[in-house]
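**Student:** Sharing entry_36.tsv (TSV, C-alpha atoms) below.
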```tsv
chain	number	residue	atom	x	y	z
A	1	MET	CA	3.75	10.85	24.79
A	2	ASN	CA	1.13	12.51	26.94
A	3	LEU	CA	2.93	13.46	30.17
A	4	ASP	CA	-0.28	14.37	31.98
A	5	LYS	CA	-1.67	10.89	31.37
A	6	LEU	CA	1.62	9.40	32.50
A	7	LYS	CA	1.18	10.92	35.96
A	8	SER	CA	-1.03	8.03	37.12
A	9	ALA	CA	1.75	5.54	36.33
A	10	TRP	CA	4.26	7.90	37.99
A	11	ASN	CA	2.15	8.07	41.15
A	12	ASN	CA	1.67	4.31	41.31
A	13	GLU	CA	5.26	3.38	40.64
A	14	ASN	CA	6.84	0.49	42.47
A	15	THR	CA	9.21	1.85	45.12
A	16	ASP	CA	10.57	-1.46	46.42
A	17	ASP	CA	14.09	-0.44	45.39
A	18	VAL	CA	14.17	2.11	48.23
A	19	HIS	CA	15.54	0.62	51.41
A	20	ILE	CA	14.68	2.59	54.54
A	21	PRO	CA	16.93	1.46	57.41
A	22	SER	CA	15.51	0.65	60.81
A	23	GLN	CA	18.10	2.92	62.47
A	24	ILE	CA	19.86	6.08	61.34
A	25	LYS	CA	23.27	4.64	62.17
A	26	GLN	CA	22.76	2.10	59.37
A	27	LEU	CA	23.05	4.91	56.84
A	28	ARG	CA	26.52	5.21	55.34
A	29	GLN	CA	28.71	8.29	55.69
A	30	ALA	CA	27.76	11.31	53.59
A	31	LYS	CA	29.51	11.48	50.22
A	32	HIS	CA	28.26	14.85	49.06
A	33	PRO	CA	31.15	17.08	47.87
A	34	LEU	CA	30.38	19.61	50.60
A	35	ASP	CA	30.49	16.90	53.27
A	36	LYS	CA	33.76	15.61	51.83
A	37	LEU	CA	35.08	19.15	52.07
A	38	LYS	CA	34.12	19.25	55.75
A	39	GLN	CA	35.68	15.82	56.33
A	40	ASN	CA	38.90	17.00	54.63
A	41	MET	CA	38.95	20.09	56.79
A	42	ASN	CA	38.67	18.00	59.92
A	43	LYS	CA	41.56	15.80	58.78
A	44	GLU	CA	43.64	18.84	57.88
A	45	TRP	CA	42.93	20.31	61.31
A	46	TYR	CA	44.50	17.30	63.06
A	47	ILE	CA	47.43	17.09	60.63
A	48	GLN	CA	48.07	20.78	61.13
A	49	ILE	CA	48.10	20.48	64.93
A	50	VAL	CA	50.60	17.59	64.79
A	51	THR	CA	52.76	19.54	62.31
A	52	ILE	CA	52.73	22.66	64.49
A	53	LEU	CA	53.70	20.64	67.57
A	54	PHE	CA	56.48	18.99	65.61
A	55	LEU	CA	57.76	22.34	64.30
A	56	GLY	CA	57.88	23.64	67.89
A	57	PHE	CA	60.73	21.16	68.58
A	58	PHE	CA	62.36	21.54	65.19
A	59	PRO	CA	65.43	23.53	66.40
A	60	GLN	CA	66.04	20.83	69.04
A	61	LEU	CA	65.67	17.97	66.56
A	62	PHE	CA	67.71	19.69	63.85
A	63	PRO	CA	69.94	22.01	65.90
A	64	ILE	CA	70.66	25.53	64.73
A	65	HIS	CA	72.82	28.18	66.37
A	66	PRO	CA	71.14	29.41	69.61
A	67	SER	CA	71.37	33.01	68.38
A	68	LEU	CA	68.94	32.09	65.58
A	69	HIS	CA	66.30	30.63	67.93
A	70	VAL	CA	64.66	34.04	68.43
A	71	ILE	CA	64.11	34.48	64.69
A	72	TYR	CA	62.90	30.89	64.33
A	73	TYR	CA	60.37	31.17	67.15
A	74	ALA	CA	59.19	34.58	65.93
A	75	SER	CA	58.31	33.05	62.55
A	76	TYR	CA	56.92	29.98	64.34
A	77	THR	CA	54.58	32.20	66.38
A	78	LEU	CA	53.42	33.82	63.15
A	79	LEU	CA	52.71	30.36	61.73
A	80	VAL	CA	50.76	29.31	64.84
A	81	VAL	CA	48.64	32.47	64.80
A	82	ILE	CA	47.85	32.19	61.09
A	83	SER	CA	47.09	28.46	61.32
A	84	ALA	CA	44.90	28.86	64.39
A	85	TYR	CA	42.95	31.61	62.69
A	86	TYR	CA	42.39	29.80	59.41
A	87	LEU	CA	41.78	26.31	60.64
A	88	ASN	CA	39.52	27.14	63.56
A	89	LEU	CA	37.50	29.86	61.96
A	90	PHE	CA	36.77	27.92	58.82
A	91	ARG	CA	36.10	24.66	60.63
A	92	LEU	CA	33.49	26.35	62.81
A	93	PHE	CA	32.06	28.10	59.79
A	94	TYR	CA	31.65	24.93	57.77
A	95	ASN	CA	30.24	22.93	60.63
A	96	ARG	CA	27.45	25.32	61.43
A	97	ILE	CA	26.06	25.83	57.96
A	98	ASN	CA	23.33	23.81	56.33
A	99	HIS	CA	22.73	24.15	52.64
A	100	TYR	CA	19.89	21.97	51.68
A	101	THR	CA	16.71	23.46	53.06
A	102	ALA	CA	16.69	26.80	51.23
A	103	ASP	CA	15.24	27.06	47.74
A	104	THR	CA	17.42	25.54	45.03
A	105	LYS	CA	18.90	28.78	43.68
A	106	ASP	CA	19.82	30.07	47.16
A	107	SER	CA	21.07	26.68	48.25
A	108	LEU	CA	23.32	26.23	45.19
A	109	THR	CA	24.53	29.83	45.39
A	110	GLU	CA	25.59	29.24	49.00
A	111	ILE	CA	27.38	25.99	48.14
A	112	TYR	CA	29.05	27.67	45.16
A	113	TYR	CA	30.38	30.56	47.23
A	114	ASP	CA	31.44	28.27	50.06
A	115	PHE	CA	33.57	26.36	47.61
A	116	LYS	CA	34.98	29.57	46.12
A	117	LEU	CA	35.71	30.78	49.64
A	118	ASN	CA	37.41	27.53	50.50
A	119	ILE	CA	39.58	27.77	47.39
A	120	GLU	CA	40.61	31.28	48.43
A	121	ARG	CA	41.30	29.97	51.93
A	122	TYR	CA	43.78	27.47	50.52
A	123	HIS	CA	45.37	30.18	48.39
A	124	ALA	CA	45.71	32.65	51.25
A	125	PHE	CA	46.90	30.01	53.70
A	126	GLY	CA	49.46	28.70	51.25
A	127	PHE	CA	50.71	32.18	50.37
A	128	LEU	CA	51.03	33.09	54.04
A	129	LEU	CA	53.02	29.94	54.78
A	130	LEU	CA	55.51	30.79	52.08
A	131	PRO	CA	57.36	33.57	54.00
A	132	THR	CA	57.59	31.30	57.08
A	133	ALA	CA	59.03	28.48	54.98
A	134	LEU	CA	61.52	30.88	53.39
A	135	ILE	CA	62.61	32.18	56.81
A	136	VAL	CA	63.22	28.65	58.07
A	137	ILE	CA	65.20	27.67	54.95
A	138	THR	CA	67.24	30.88	55.21
A	139	LEU	CA	67.94	30.21	58.89
A	140	TYR	CA	69.25	26.73	58.16
A	141	ALA	CA	71.36	28.04	55.28
A	142	TYR	CA	72.74	30.79	57.51
A	143	ASN	CA	73.38	28.25	60.29
A	144	THR	CA	75.44	26.14	57.85
A	145	LEU	CA	77.48	29.22	56.94
A	146	LEU	CA	77.97	30.12	60.64
A	147	GLU	CA	79.29	26.63	61.36
A	148	LYS	CA	81.88	27.23	58.65
A	149	GLY	CA	82.76	30.59	60.19
A	150	LYS	CA	81.13	32.51	57.33
A	151	ASP	CA	78.04	34.65	56.75
A	152	PHE	CA	75.99	35.82	53.73
A	153	SER	CA	78.48	38.63	53.03
A	154	SER	CA	81.15	36.03	52.38
A	155	LEU	CA	79.20	34.61	49.43
A	156	SER	CA	80.17	35.71	45.95
A	157	SER	CA	77.82	38.14	44.20
A	158	GLU	CA	77.12	35.54	41.47
A	159	PHE	CA	76.13	32.96	44.09
A	160	ARG	CA	73.92	35.51	45.88
A	161	LEU	CA	72.20	36.36	42.60
A	162	THR	CA	71.69	32.65	41.93
A	163	LEU	CA	70.13	32.28	45.40
A	164	ILE	CA	67.74	35.18	44.79
A	165	VAL	CA	66.69	33.78	41.41
A	166	LEU	CA	66.30	30.32	42.95
A	167	THR	CA	64.15	31.75	45.75
A	168	LEU	CA	61.94	33.53	43.23
A	169	VAL	CA	61.58	30.40	41.08
A	170	VAL	CA	60.75	28.21	44.10
A	171	SER	CA	58.26	30.77	45.43
A	172	LEU	CA	56.57	31.12	42.06
A	173	SER	CA	56.40	27.33	41.61
A	174	PHE	CA	54.91	27.00	45.09
A	175	ILE	CA	52.25	29.61	44.33
A	176	LEU	CA	51.47	28.10	40.92
A	177	SER	CA	51.21	24.60	42.35
A	178	ILE	CA	48.68	25.80	44.96
A	179	LEU	CA	46.65	27.45	42.20
A	180	ALA	CA	46.87	24.34	40.01
A	181	TRP	CA	45.95	22.03	42.89
A	182	THR	CA	42.80	23.94	43.84
A	183	ARG	CA	41.82	24.20	40.19
A	184	TYR	CA	42.28	20.46	39.71
A	185	TYR	CA	40.63	19.44	42.99
A	186	TYR	CA	37.70	21.86	43.19
A	187	GLY	CA	37.55	23.40	39.69
A	188	PRO	CA	35.31	20.81	37.98
A	189	TYR	CA	32.76	20.84	40.81
A	190	VAL	CA	32.66	24.63	41.00
A	191	ASN	CA	32.24	24.84	37.22
A	192	GLN	CA	29.33	22.40	37.30
A	193	LEU	CA	27.63	24.40	40.04
A	194	LYS	CA	28.17	27.60	38.09
A	195	LYS	CA	26.60	26.02	35.02
A	196	VAL	CA	23.46	25.06	36.96
A	197	LEU	CA	23.24	28.52	38.54
A	198	ASP	CA	23.63	30.20	35.16
A	199	GLU	CA	20.91	27.96	33.81
A	200	LEU	CA	18.60	29.01	36.67
A	201	LYS	CA	19.39	32.69	36.36
A	202	ALA	CA	19.62	33.07	32.57
A	203	GLU	CA	15.92	33.01	31.80
A	204	GLU	CA	15.21	35.19	34.82
A	205	LEU	CA	17.38	37.96	33.38
A	206	LYS	CA	15.85	37.56	29.91
A	207	LEU	CA	12.33	37.72	31.36
A	208	GLU	CA	13.20	40.81	33.39
A	209	GLN	CA	14.56	42.40	30.23
A	210	GLU	CA	11.45	41.42	28.26
A	211	ILE	CA	9.20	42.89	30.96
A	212	LYS	CA	11.28	46.08	30.95
A	213	ASN	CA	11.15	46.26	27.14
A	214	GLY	CA	7.40	45.62	27.24
A	215	LEU	CA	6.95	48.45	29.74
A	216	LYS	CA	9.11	50.76	27.60
A	217	GLU	CA	7.04	49.97	24.50
A	218	GLU	CA	3.89	50.69	26.46
A	219	ASP	CA	5.38	54.01	27.63
A	220	LEU	CA	6.25	54.90	24.05
A	221	LYS	CA	2.73	54.04	22.87
A	222	THR	CA	1.22	56.08	25.69
A	223	GLY	CA	3.58	58.91	24.76
A	224	GLU	CA	2.37	58.88	21.17
B	1	MET	CA	-2.62	17.82	67.18
B	2	LEU	CA	1.09	18.62	67.31
B	3	THR	CA	3.43	16.10	65.74
B	4	ASP	CA	6.66	15.23	67.51
B	5	TYR	CA	9.20	15.71	64.75
B	6	SER	CA	12.21	15.19	66.98
B	7	SER	CA	12.61	11.44	67.14
B	8	GLU	CA	14.53	9.15	64.87
B	9	LYS	CA	11.58	6.79	64.69
B	10	THR	CA	9.25	9.53	63.47
B	11	PHE	CA	11.81	10.49	60.86
B	12	LEU	CA	12.17	6.93	59.59
B	13	ASN	CA	8.40	6.52	59.48
B	14	LEU	CA	8.20	9.69	57.42
B	15	MET	CA	10.86	8.30	55.10
B	16	GLN	CA	8.83	5.13	54.70
B	17	ALA	CA	5.70	7.13	53.93
B	18	HIS	CA	7.49	9.32	51.39
B	19	LYS	CA	9.87	6.83	49.88
B	20	GLY	CA	8.32	7.49	46.48
B	21	ILE	CA	10.13	10.85	46.45
B	22	LEU	CA	13.46	9.13	47.04
B	23	HIS	CA	12.75	6.61	44.32
B	24	LYS	CA	11.68	9.19	41.73
B	25	VAL	CA	14.43	11.74	42.36
B	26	ALA	CA	17.08	9.02	42.25
B	27	ARG	CA	15.63	7.60	39.04
B	28	LEU	CA	15.58	11.00	37.40
B	29	TYR	CA	19.12	11.93	38.36
B	30	MET	CA	21.01	8.65	38.19
B	31	ASP	CA	20.90	6.04	35.49
B	32	SER	CA	22.42	3.01	37.19
B	33	PRO	CA	20.86	1.11	40.13
B	34	GLU	CA	24.07	1.50	42.21
B	35	ASP	CA	24.15	5.27	41.72
B	36	ARG	CA	20.46	5.51	42.50
B	37	GLU	CA	20.95	3.66	45.77
B	38	ASP	CA	23.86	5.95	46.59
B	39	LEU	CA	21.79	9.03	45.91
B	40	GLN	CA	18.85	7.72	47.94
B	41	GLN	CA	21.19	7.19	50.89
B	42	GLU	CA	22.73	10.62	50.42
B	43	ILE	CA	19.32	12.29	50.36
B	44	MET	CA	18.29	10.46	53.54
B	45	ILE	CA	21.52	11.58	55.25
B	46	GLN	CA	21.00	15.19	54.24
B	47	LEU	CA	17.34	15.01	55.29
B	48	TRP	CA	18.32	13.66	58.69
B	49	LYS	CA	21.01	16.33	59.13
B	50	SER	CA	18.51	19.07	58.29
B	51	TYR	CA	15.65	17.42	60.15
B	52	GLN	CA	16.23	19.28	63.43
B	53	ASN	CA	15.48	22.50	61.54
B	54	PHE	CA	12.17	21.20	60.26
B	55	LYS	CA	9.50	22.64	62.51
B	56	GLY	CA	6.50	21.43	60.55
B	57	ASP	CA	5.69	24.92	59.23
B	58	SER	CA	5.29	23.50	55.73
B	59	ALA	CA	4.18	20.06	54.56
B	60	PHE	CA	6.87	17.44	55.11
B	61	SER	CA	6.71	16.40	51.46
B	62	SER	CA	7.30	19.98	50.35
B	63	TRP	CA	10.37	20.28	52.59
B	64	MET	CA	11.57	16.86	51.47
B	65	TYR	CA	11.24	17.83	47.78
B	66	ARG	CA	13.61	20.70	48.35
B	67	VAL	CA	16.29	18.80	50.23
B	68	ALA	CA	16.07	15.88	47.80
B	69	ILE	CA	16.33	18.03	44.67
B	70	ASN	CA	19.06	20.28	46.13
B	71	THR	CA	21.09	17.22	47.10
B	72	ALA	CA	20.58	15.54	43.72
B	73	ILE	CA	21.51	18.67	41.76
B	74	SER	CA	24.68	19.35	43.74
B	75	TYR	CA	25.76	15.72	44.04
B	76	PHE	CA	27.01	15.36	40.44
B	77	LYS	CA	28.27	11.85	40.96
B	78	LYS	CA	28.63	9.91	37.73
B	79	GLU	CA	25.90	11.93	36.08
B	80	LYS	CA	26.43	11.73	32.37
B	81	ARG	CA	24.65	12.20	29.11
B	82	ARG	CA	24.13	9.04	27.16
B	83	SER	CA	21.71	10.05	24.43
B	84	ASP	CA	23.64	8.72	21.49
B	85	VAL	CA	24.68	5.43	22.96
B	86	TYR	CA	21.68	4.11	24.83
B	87	ASP	CA	19.68	1.37	23.22
B	88	TYR	CA	16.06	2.27	23.90
B	89	SER	CA	14.79	-1.03	22.56
B	90	SER	CA	16.44	-2.66	25.56
B	91	ALA	CA	14.19	-0.78	27.99
B	92	LYS	CA	12.81	-3.30	30.43
B	93	GLU	CA	9.33	-3.29	31.79
B	94	PRO	CA	9.35	-3.11	35.59
B	95	GLU	CA	7.63	-5.92	37.40
B	96	ASN	CA	4.78	-4.55	39.39
B	97	GLU	CA	1.69	-5.97	41.03
B	98	ASP	CA	-0.52	-3.49	39.18
B	99	TYR	CA	1.31	-4.20	36.00
B	100	ASN	CA	0.13	-2.18	33.06
B	101	PRO	CA	2.47	-3.02	30.20
B	102	GLU	CA	1.80	0.09	28.13
B	103	LYS	CA	1.98	2.57	31.01
B	104	ASP	CA	5.06	0.95	32.47
B	105	ARG	CA	6.76	0.90	29.10
B	106	GLN	CA	5.92	4.58	28.67
B	107	LEU	CA	7.34	5.34	32.10
B	108	GLU	CA	10.51	3.45	31.28
B	109	ILE	CA	10.94	5.37	28.01
B	110	PHE	CA	10.20	8.59	29.89
B	111	TYR	CA	12.94	7.91	32.48
B	112	LEU	CA	15.46	7.06	29.79
B	113	ALA	CA	14.66	10.25	27.89
B	114	VAL	CA	14.90	12.33	31.08
B	115	GLN	CA	18.52	11.19	31.48
B	116	GLN	CA	19.36	13.54	28.61
B	117	LEU	CA	18.01	16.62	30.36
B	118	ASN	CA	20.19	18.85	32.49
B	119	SER	CA	19.82	19.10	36.29
B	120	VAL	CA	17.44	22.05	36.26
B	121	GLU	CA	15.25	20.52	33.55
B	122	LYS	CA	15.03	17.30	35.58
B	123	ALA	CA	13.88	19.28	38.61
B	124	LEU	CA	11.22	21.03	36.54
B	125	ILE	CA	9.93	17.73	35.17
B	126	PHE	CA	9.93	16.24	38.66
B	127	TYR	CA	7.79	19.04	40.09
B	128	PHE	CA	5.50	18.92	37.06
B	129	MET	CA	4.96	15.19	37.44
B	130	GLU	CA	4.35	15.65	41.17
B	131	GLY	CA	1.57	18.07	40.25
B	132	LEU	CA	3.06	21.30	41.60
B	133	SER	CA	1.82	24.55	40.11
B	134	HIS	CA	4.20	26.95	38.34
B	135	ARG	CA	4.12	29.15	41.43
B	136	GLU	CA	4.98	26.30	43.80
B	137	THR	CA	7.75	25.08	41.49
B	138	GLY	CA	9.16	28.61	41.32
B	139	PHE	CA	9.09	28.80	45.10
B	140	GLN	CA	10.97	25.50	45.40
B	141	LEU	CA	13.57	26.44	42.81
B	142	GLY	CA	13.90	30.09	43.80
B	143	ILE	CA	12.92	31.43	40.37
B	144	SER	CA	9.89	33.35	39.11
B	145	GLU	CA	6.62	31.80	38.04
B	146	GLY	CA	7.14	33.17	34.51
B	147	ASN	CA	10.57	31.62	34.34
B	148	VAL	CA	9.12	28.25	35.37
B	149	ARG	CA	6.44	28.49	32.68
B	150	VAL	CA	8.96	29.27	29.93
B	151	LYS	CA	11.48	26.67	31.07
B	152	LEU	CA	8.93	23.94	31.66
B	153	ASN	CA	7.38	24.38	28.22
B	154	ARG	CA	10.79	24.20	26.59
B	155	THR	CA	11.76	21.19	28.68
B	156	LYS	CA	8.56	19.33	27.80
B	157	GLU	CA	9.16	20.06	24.12
B	158	LYS	CA	12.76	18.91	24.41
B	159	LEU	CA	11.63	15.74	26.16
B	160	GLN	CA	9.06	15.01	23.42
B	161	GLN	CA	11.76	15.47	20.79
B	162	ILE	CA	14.05	13.04	22.61
B	163	ILE	CA	11.23	10.53	22.93
B	164	LYS	CA	10.41	10.89	19.23
B	165	LYS	CA	14.02	10.22	18.32
B	166	THR	CA	13.80	6.91	20.12
B	167	GLY	CA	11.13	5.87	17.65
B	168	TYR	CA	8.46	5.68	20.33
B	169	GLU	CA	4.98	6.46	19.05
B	170	SER	CA	1.94	6.84	21.25
```
Is it possible to express this structure as structure tokens?

**Tutor:**
Amino acid sequence: MNLDKLKSAWNNENTDDVHIPSQIKQLRQAKHPLDKLKQNMNKEWYIQIVTILFLGFFPQLFPIHPSLHVIYYASYTLLVVISAYYLNLFRLFYNRINHYTADTKDSLTEIYYDFKLNIERYHAFGFLLLPTALIVITLYAYNTLLEKGKDFSSLSSEFRLTLIVLTLVVSLSFILSILAWTRYYYGPYVNQLKKVLDELKAEELKLEQEIKNGLKEEDLKTGE
Amino acid sequence: MLTDYSSEKTFLNLMQAHKGILHKVARLYMDSPEDREDLQQEIMIQLWKSYQNFKGDSAFSSWMYRVAINTAISYFKKEKRRSDVYDYSSAKEPENEDYNPEKDRQLEIFYLAVQQLNSVEKALIFYFMEGLSHRETGFQLGISEGNVRVKLNRTKEKLQQIIKKTGYES
């Protein structure tokens, strides 16, 4: 098939299948993975705010000993600071960027690293929430003991060891599930992007190498 | 004369004038009519979102090529290879006012064969068919002119091989 001769048919193709709306608002919502990521972030932002507000009243809704309030609110403040930092900073970051007008390699590289960055954001956020969650669980466990007139020192050494092992197992499972979730949710898309980028860059590196080799051969010939 | 690129109406008129780009990119990257419509919509959305940054420094079509190809490449929706299962004999001839059975049949075979290329190869074929030089294609894709030459030659060869396998002779 002669592709050059096919260009006339290509240029005169029927384009009736393309429907241009009379108003922009008739276009549907963006479905691009990056836009979905932004939409998810917006949703998470609201869910996070509601959760933080709810957690602020947690000791009142599920009473604990007043002496433990200081520790609870100290860890709560930590949670608020971390959440505010992550959610706001990243939301602003994602809303201001535009990825489609640069050349393809730059554009895809940016999208690729934004996704990688977002994956790391989930990891870091999840890992930072873990100590807060552990503090809250410990407080409630300690509160239960206090109500029974006991404290951690009253627990048997076997039970304490079991608690430590259990904490480690739960923490590890939590970390692994965050890693698995990001890999499942974003992994395939990131891999596809990487494949396209490798495809774009591969020949470039080979050509650079060939040019270098060519120059070296020329140098050797000149040297002779 | 300065063009007012700010209004929605101007944008939609530009879309109307360049709808061939939407049609071709969607046809290259998606193989079902529903997916093509989806991609066309997605490209228009991304064009509109980026439109405020378009100052008219380059030709509108050139800017539109970039956004359309970048969106299509990174969209990935339902893109799949179907080389071994597609029945090429079922290729339909599009109904067109300037109907040229042979050319239209060739174009149909061409589009079916292109479905087996990867995203970058599709972009190269698109720019080639649009008549862009190696240099311009390299500028759009962000790769060197030499790289475009090598890749395009390989892609054209690959495409010819795919077409041959279909039993098409010209």

**Student:** Go through chain A and flag each residue having an atom no more than 8 Å from chain B; for those, report the closest pair of atoms plus their distance in Å to one decimal, using all atoms listed in the file, ordered by chain and rising number, as CSV.

**Tutor:**
```
residue,atom,partner,partner_atom,distance
A:Met1,CA,B:Ser170,CA,5.6
A:Leu3,CA,B:Met129,CA,7.7
A:Asp4,CA,B:Met129,CA,7.6
A:Leu6,CA,B:Lys103,CA,7.0
A:Lys7,CA,B:Met129,CA,5.9
A:Ala9,CA,B:Lys103,CA,6.1
A:Trp10,CA,B:Leu107,CA,7.1
A:Asn11,CA,B:Glu130,CA,7.9
A:Glu13,CA,B:Gly20,CA,7.8
A:Asn14,CA,B:Asn96,CA,6.3
A:Thr15,CA,B:Gly20,CA,5.9
A:Asp17,CA,B:His23,CA,7.3
A:Val18,CA,B:His23,CA,6.1
A:Ile20,CA,B:Gln16,CA,6.4
A:Pro21,CA,B:Leu12,CA,7.6
A:Ser22,CA,B:Leu12,CA,7.2
A:Gln23,CA,B:Glu8,CA,7.6
A:Ile24,CA,B:Glu8,CA,7.1
A:Leu27,CA,B:Gln41,CA,6.6
A:Arg28,CA,B:Gln41,CA,7.2
A:Gln29,CA,B:Ile45,CA,7.9
A:Ala30,CA,B:Glu42,CA,6.0
A:Lys31,CA,B:Glu42,CA,6.8
A:His32,CA,B:Tyr75,CA,5.7
A:Pro33,CA,B:Tyr75,CA,6.8
A:Asn98,CA,B:Ser50,CA,7.0
A:Tyr100,CA,B:Val67,CA,5.0
A:Thr101,CA,B:Val67,CA,5.5
A:Ala102,CA,B:Arg66,CA,7.4
A:Asp103,CA,B:Gln140,CA,5.1
A:Thr104,CA,B:Leu141,CA,4.5
A:Lys105,CA,B:Gly142,CA,5.2
A:Asp106,CA,B:Gly142,CA,6.8
A:Ser107,CA,B:Asn70,CA,7.0
A:Leu108,CA,B:Ser74,CA,7.2
A:Tyr189,CA,B:Phe76,CA,8.0
A:Leu193,CA,B:Ser74,CA,6.9
A:Val196,CA,B:Val120,CA,6.8
A:Glu199,CA,B:Val120,CA,7.3
A:Leu200,CA,B:Val120,CA,7.1
A:Lys201,CA,B:Ile143,CA,7.7
A:Glu203,CA,B:Asn147,CA,6.1
A:Glu204,CA,B:Asn147,CA,5.9
A:Leu207,CA,B:Asn147,CA,7.0
```

**Student:** Please compute the atom CA of Val81 of chain A-atom CA of Ile119 of chain A distance, one decimal, in Å.

**Tutor:**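 So the two atoms, atom CA of Val81 of chain A and atom CA of Ile119 of chain A, lie 20.2 Å apart.
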
**Student:** Just give me the gap between atom CA of Phe127 of chain A and atom CA of Ser171 of chain A in Å, one decimal is fine.

**Tutor:**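 Between atom CA of Phe127 of chain A and atom CA of Ser171 of chain A the gap works out to 9.1 Å.
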
**Student:** So what do you get for atom CA of Leu34 of chain A versus atom CA of Ala17 of chain B, distance-wise?

**Tutor:**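 We find that atom CA of Leu34 of chain A and atom CA of Ala17 of chain B lie 27.9 Å from each other.
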
**Student:** Quick one: residues within 12 Å of Pro63 of chain A, all atoms listed in the file counted, chain neighbours fewer than 2 positions away excluded, as a ChimeraX atom specification?

**Tutor:** /A:57-61,65-69,72,139-140,143-144,147
